[in-house]
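Undergrad: Mind looking over this structure? Questions follow.
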Amino acid sequence: MPISATAPQGVNPLLDSRDLRLPRIADPCVLVMFGITGDLARRKLLPAVYDLAGRGLLSPAFCLVGVGRRDWDDEAMRSYVAQAVRSGARTPWRPAVWEQLAAGMRFVTLSSFDDAAAYARLTQVVEDLDARRGTGGNRAFYLSIPPGWFPTVTQQVAACGLVEEAPGAWRRVMVEKPFGHDRASAAELDALVGRIVRPDDVFRVDHYLGKETVQNILALRFANTMLEPLWDQRYVDHVQVTMAEDIGIGTRAGYYDSIGTARDVVQNHLLQLLALTAMEEPTSMEAGAVRAEKEKVLQAVSLGRGGVTDLEATTVRGRYAAGFQGGERVRGYLEEDGVPPTSRTETFAALRLEVGNRRWAGVPFYLRAGKRLARRVTEVAVVFKKPPFLPFEAASTASLGGGAVVMRIQPDEGMTMRIASKVPGTHMELRDVSMDFAYGASFNNDSPEAYERLILDALLGDAPLFPHQREVDLSWRILDPVIEHWAAAGAPEDYRPGSWGPEGATELLARDGRAWRRS
């Protein structure tokens with residue numbers, strides 16, 4: 001490791017800048033948060049900002065400007081943020097941390113998102129913070145707002161001069177999913193954000209990509225030589241990607257009924273997990289290298305079976321009915337508050353996909369996601385082929401299900417390797433056993449919340465965990481035909497709450513002689 005000949009004052013010259021003991025600290029900047037009074041900001045974003053400050057990863061000059069419709073002054077915003085932090089932060093409350101963070105907080109009231117006078121006040125507030133707190137003109141904008149307001153907000157932000165480039169300063173924009181509702185609207189959204197910053201300064205926030213266990217897929221694949229040679233069509237029988245929730249839509253009918261499960265989580269979370277699982281090794285972990293390999297996978301994905309497209313046979317959608325779950329009676333989707341009785345929105349989606357390249361030719365990828373299922377779990381299961389020959393009696397291997405590597409994203413973060421082993425006894429009997437790795441048992445470090453990592457990376461300008469517009473476009477290319485097919489197919493198939501989805505999902509795998517894992 002090279003030793004710096006001219007180490008900055010206060011820095012140990014024996015420590016290289018690549019030493020992992022040296023934290024990456026964001027530049028001084030102003031973070032302007034549109035939608036700061038919303039549920040996402042209260043539960044996730046504001047606690048994440050405090051946790052970053054508590055860990056010393058934000059500059060002492062960091063400033064947070066909230067923008068919303070409430071008639072607040074700066075002190076009212078500080079009170080609101082303090083309440084959100086106390087209830088949601090994972091690091092302890094420390095007065096010194098809070099006082100430093102609160103000193104840079106301001107609030108700007110908008111009567112509406114097209115209130116030009118309010119944007120002029122916002123400009124004055126940001127420029128005043130630049131001068132008073134030494135933020136160097138660096139500005140980030142977090143658009144935690146409904147997509148319908150993007151055109152107005154981007155137009156107003158551009159008009160007031162907040163994003164005009166300045167020497168030595170940066171401008172960045174963070175955009176929450178959904179990234180459009182189809183391929184065309186995603187392109188329109190990209191054009192809107194392109195009004196105010198360059199493409200490389202747009203950070204599309206998919207919080208799943210900030211999870212430690214999602215990032216560990218890359219570590220598992222490319223840092224372990226014992227697995228990578230087996231990671232292809234010669235040894236892998238199929239791959240299952242599951243995102244199951246055991247709750248209903250709650251109070252989110254206004255959002256959910258216009259989106260559905262496929263748009264809400266398949267287009268982004270599940271297809272990103274597929275891409276990370278199937279991609280080739282990147283030349284480095286830099287954003288461009290990782291993106292290039294993910295894009296190749298998404299470009300090669302098809303909905304067909306052996307090159308023949310039959311959406312009726314390769315896609316399934318469902319909707320949870322009324323019934324009992326966990327000993328309690330629950331309402332069906334159509335009975336939820338705010339859901340119209342004529343709704344045809346799905347709460348369960350399953351797809352059979354193929355990746356048309358040499359590594360994965362002939363290996364099906366099964367994706368499923370849904371609400372009111374048997375349990376909450378997100379995992380990627382790589383299921384291996386059974387041995388072509390077993391020298392044991394058939395009765396002794398009857399219970400074997402085949403080897404698998406299961407990457408558990410949540411809630412029991414870790415990895416399981418399922419292998420065959422002899423049962424203790426006087427005769428030869430084989431049974432599947434699991435070798436487990438759990439984050440909680442293996443590391444003393446607490447895993448940071450996904451939004452901590454994503455906010456910090458955006459402020460650092462580090463983009464490997466953010467999907468590029470090309471990835472978004474390719475994901476919609478895959479999903480658009482499915483959405484169009486379902487729109488013409490009538491109502492979704494009902495399924496019992498607490499089950500693993502509609503009968504059609506079972507049949508989807510049964511056609512291939514396979515079955516879903518009992519997660």
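Convention: chains lettered A, B, ... in structure tokens order; per-chain residue numbering from 1; ligands numbered from 1 as shown.
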In segment 408-518 of chain A, what's helix (DSSP H, G or I) per DSSP? Answer as a ChimeraX atom specification?

TA: /A:439-442,450-460,469-487,503-510

Undergrad: Per residue of segment 369-478 of chain A within 12 Å of segment 51-69 of chain A, note the shortest atom pair and the distance in Å to one decimal, counting only C-alpha atoms, and order the rows by chain and increasing residue number, as JSON lines.

TA:
{"residue": "A:Ser447", "atom": "CA", "partner": "A:Asp51", "partner_atom": "CA", "distance": 12.0}
{"residue": "A:Pro448", "atom": "CA", "partner": "A:Asp51", "partner_atom": "CA", "distance": 8.8}
{"residue": "A:Glu449", "atom": "CA", "partner": "A:Asp51", "partner_atom": "CA", "distance": 9.1}
{"residue": "A:Ala450", "atom": "CA", "partner": "A:Asp51", "partner_atom": "CA", "distance": 11.6}
{"residue": "A:Tyr451", "atom": "CA", "partner": "A:Leu52", "partner_atom": "CA", "distance": 9.9}
{"residue": "A:Glu452", "atom": "CA", "partner": "A:Leu52", "partner_atom": "CA", "distance": 6.4}
{"residue": "A:Arg453", "atom": "CA", "partner": "A:Leu52", "partner_atom": "CA", "distance": 8.8}
{"residue": "A:Leu454", "atom": "CA", "partner": "A:Leu52", "partner_atom": "CA", "distance": 10.9}
{"residue": "A:Ile455", "atom": "CA", "partner": "A:Leu52", "partner_atom": "CA", "distance": 8.9}
{"residue": "A:Leu456", "atom": "CA", "partner": "A:Leu52", "partner_atom": "CA", "distance": 7.6}
{"residue": "A:Asp457", "atom": "CA", "partner": "A:Leu57", "partner_atom": "CA", "distance": 10.7}
{"residue": "A:Leu459", "atom": "CA", "partner": "A:Leu58", "partner_atom": "CA", "distance": 9.1}
{"residue": "A:Leu460", "atom": "CA", "partner": "A:Leu58", "partner_atom": "CA", "distance": 10.1}

Undergrad: Please provide as a list of chain:residue names all residues within 8 Å of Ala438 of chain A, with the sequence filter that same-chain residues fewer than 4 positions apart are discarded (counting only C-alpha atoms).

TA: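 Residues near the query, excluding close chain neighbours: A:Asp412, A:Glu413, A:Gly414, A:Met415, A:Ser442.
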
Undergrad: Would you save the residues from that selection as a CSV table (one decimal), in the first residue's frame, using N, CA and C atoms?

TA:
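Output (result-v3.csv):
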chain,number,residue,atom,x,y,z
A,412,ASP,N,-35.0,-12.3,7.8
A,412,ASP,CA,-33.8,-13.0,8.5
A,412,ASP,C,-32.6,-12.9,7.5
A,413,GLU,N,-32.0,-11.8,7.5
A,413,GLU,CA,-30.9,-11.5,6.5
A,413,GLU,C,-29.8,-12.5,6.6
A,414,GLY,N,-29.4,-13.1,5.5
A,414,GLY,CA,-28.3,-14.0,5.5
A,414,GLY,C,-28.4,-14.9,4.2
A,415,MET,N,-27.8,-16.1,4.4
A,415,MET,CA,-27.8,-17.1,3.2
A,415,MET,C,-27.9,-18.5,3.8
A,442,SER,N,-23.1,-13.3,12.7
A,442,SER,CA,-21.8,-13.3,12.1
A,442,SER,C,-21.0,-11.9,12.3

Undergrad: Please return, as a ChimeraX atom specification, all residues of segment 315-464 of chain A that DSSP assigns to strand (DSSP E) on the basis of the backbone.

TA: /A:315-320,323-325,328-330,348-355,364-370,377-384,404-410,414-422,430-438

Undergrad: Extract, using only C-alpha atoms, all DNA, RNA and protein residues at most 7 Å from Thr416 of chain A, discarding same-chain residues fewer than 3 positions from it, and format them as a ChimeraX atom specification.

TA: /A:405-407,434-437

Undergrad: Name all residues at most 12 Å from Gly194 of chain A (count only C-alpha atoms; drop same-chain ones fewer than 2 positions away) and give them as an MDAnalysis selection string.

TA: chainID A and resid 150:151 154:155 157:158 163 171:173 175 187:192 196:203 469

Undergrad: Include N, CA and C atoms and write out the residues we just selected as a short mmCIF file (atom, residue, chain, number, x, y, z; two decimals), in the first residue's frame.

TA:
data_model
loop_
_atom_site.label_atom_id
_atom_site.label_comp_id
_atom_site.auth_asym_id
_atom_site.auth_seq_id
_atom_site.Cartn_x
_atom_site.Cartn_y
_atom_site.Cartn_z
N PHE A 150 -44.12 16.11 -10.84
CA PHE A 150 -42.76 16.28 -11.35
C PHE A 150 -42.64 17.38 -12.41
N PRO A 151 -43.54 17.43 -13.40
CA PRO A 151 -43.40 18.48 -14.43
C PRO A 151 -43.39 19.88 -13.84
N THR A 154 -40.08 20.45 -11.50
CA THR A 154 -38.84 20.60 -12.28
C THR A 154 -38.84 21.91 -13.07
N GLN A 155 -39.99 22.29 -13.58
CA GLN A 155 -40.07 23.56 -14.32
C GLN A 155 -39.78 24.74 -13.41
N VAL A 157 -38.18 24.73 -10.43
CA VAL A 157 -36.80 24.70 -9.93
C VAL A 157 -35.84 25.23 -10.99
N ALA A 158 -36.09 24.87 -12.24
CA ALA A 158 -35.24 25.38 -13.32
C ALA A 158 -35.41 26.88 -13.50
N VAL A 163 -30.67 25.44 -9.94
CA VAL A 163 -29.83 24.37 -10.46
C VAL A 163 -28.84 24.85 -11.53
N ARG A 171 -24.73 19.79 -8.56
CA ARG A 171 -26.19 19.76 -8.45
C ARG A 171 -26.64 18.31 -8.67
N ARG A 172 -27.44 17.76 -7.76
CA ARG A 172 -27.91 16.38 -7.90
C ARG A 172 -29.38 16.29 -7.55
N VAL A 173 -30.05 15.32 -8.17
CA VAL A 173 -31.47 15.10 -7.94
C VAL A 173 -31.72 13.65 -7.60
N VAL A 175 -34.74 10.85 -7.08
CA VAL A 175 -36.13 10.63 -7.49
C VAL A 175 -36.61 9.31 -6.91
N ALA A 187 -39.82 7.46 -19.94
CA ALA A 187 -38.99 8.31 -20.81
C ALA A 187 -39.35 9.79 -20.61
N GLU A 188 -40.64 10.07 -20.43
CA GLU A 188 -41.07 11.45 -20.19
C GLU A 188 -40.50 11.97 -18.88
N LEU A 189 -40.53 11.11 -17.84
CA LEU A 189 -39.98 11.50 -16.54
C LEU A 189 -38.50 11.80 -16.65
N ASP A 190 -37.78 10.98 -17.39
CA ASP A 190 -36.35 11.21 -17.58
C ASP A 190 -36.09 12.54 -18.26
N ALA A 191 -36.93 12.87 -19.23
CA ALA A 191 -36.77 14.15 -19.93
C ALA A 191 -37.04 15.32 -18.99
N LEU A 192 -38.02 15.16 -18.08
CA LEU A 192 -38.35 16.23 -17.14
C LEU A 192 -37.19 16.49 -16.19
N ILE A 196 -33.16 19.87 -15.44
CA ILE A 196 -32.48 20.57 -14.35
C ILE A 196 -31.08 20.05 -14.05
N VAL A 197 -30.77 18.79 -14.38
CA VAL A 197 -29.41 18.28 -14.14
C VAL A 197 -29.00 17.34 -15.26
N ARG A 198 -27.72 17.05 -15.32
CA ARG A 198 -27.19 16.11 -16.31
C ARG A 198 -27.59 14.69 -15.94
N PRO A 199 -27.61 13.78 -16.92
CA PRO A 199 -28.03 12.40 -16.63
C PRO A 199 -27.26 11.73 -15.50
N ASP A 200 -25.94 11.98 -15.42
CA ASP A 200 -25.15 11.33 -14.38
C ASP A 200 -25.40 11.90 -12.99
N ASP A 201 -26.17 12.99 -12.91
CA ASP A 201 -26.49 13.60 -11.63
C ASP A 201 -27.92 13.28 -11.19
N VAL A 202 -28.56 12.32 -11.85
CA VAL A 202 -29.89 11.85 -11.46
C VAL A 202 -29.72 10.53 -10.72
N PHE A 203 -30.27 10.44 -9.52
CA PHE A 203 -30.15 9.24 -8.69
C PHE A 203 -31.56 8.69 -8.44
N GLN A 469 -31.28 5.18 -16.31
CA GLN A 469 -32.48 5.25 -17.14
C GLN A 469 -32.56 4.09 -18.13
#

Undergrad: Calculated over only C-alpha atoms, which of the candidates A:Gly88, A:Gly501, A:Gly136, A:Pro464 has the smallest distance to Pro47 of chain A?

TA: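 Among the listed residues, A:Gly88 lies closest to Pro47 of chain A.
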
Undergrad: Using only C-alpha atoms, which of the listed residues (A:Arg195, A:Asn268, A:Arg183, A:Arg418) sits closest to Ala159 of chain A?

TA: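 Closest residue, counting only C-alpha atoms: A:Arg195.
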
Undergrad: I'd like the contact shell of Asp473 of chain A - 12 Å cut-off, only C-alpha atoms, skipping same-chain residues fewer than 6 positions apart - returned as an MDAnalysis selection string.

TA: chainID A and resid 179:190 267:268 271 295 298:299 467 479:480

Undergrad: Using only C-alpha atoms, which residue out of A:Ala289, A:Val125, A:Leu334, A:Leu303 lies closest to Phe365 of chain A?

TA: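 For Phe365 of chain A, the nearest of the given residues is A:Leu303.
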
Undergrad: Let me make sure I understand: among A:Gln156, A:Thr37, A:Thr277, A:Thr314, which one has the smallest atom-to-atom distance to Val241 of chain A if we use only C-alpha atoms?

TA: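 Closest to Val241 of chain A of all the choices is A:Thr277.
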
Undergrad: When distances are computed from only C-alpha atoms, which of A:Leu227, A:Val193, A:Ala89, A:Leu373 shows the smallest separation from Trp149 of chain A?

TA: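 Checking each candidate against Trp149 of chain A, we get A:Val193 as the closest.
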
Undergrad: Go through A:Glu176, A:Glu99, A:Glu354, A:Asp114 and flag the residue nearest Pro146 of chain A, using only C-alpha atoms for the distances.

TA: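 Of A:Glu176, A:Glu99, A:Glu354, A:Asp114, the one nearest Pro146 of chain A is A:Glu176, counting only C-alpha atoms.
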
Undergrad: Please measure the separation of atom CA of Ala166 of chain A and atom CA of Ala463 of chain A, giving the value in Å to one decimal.

TA: 21.7 Å
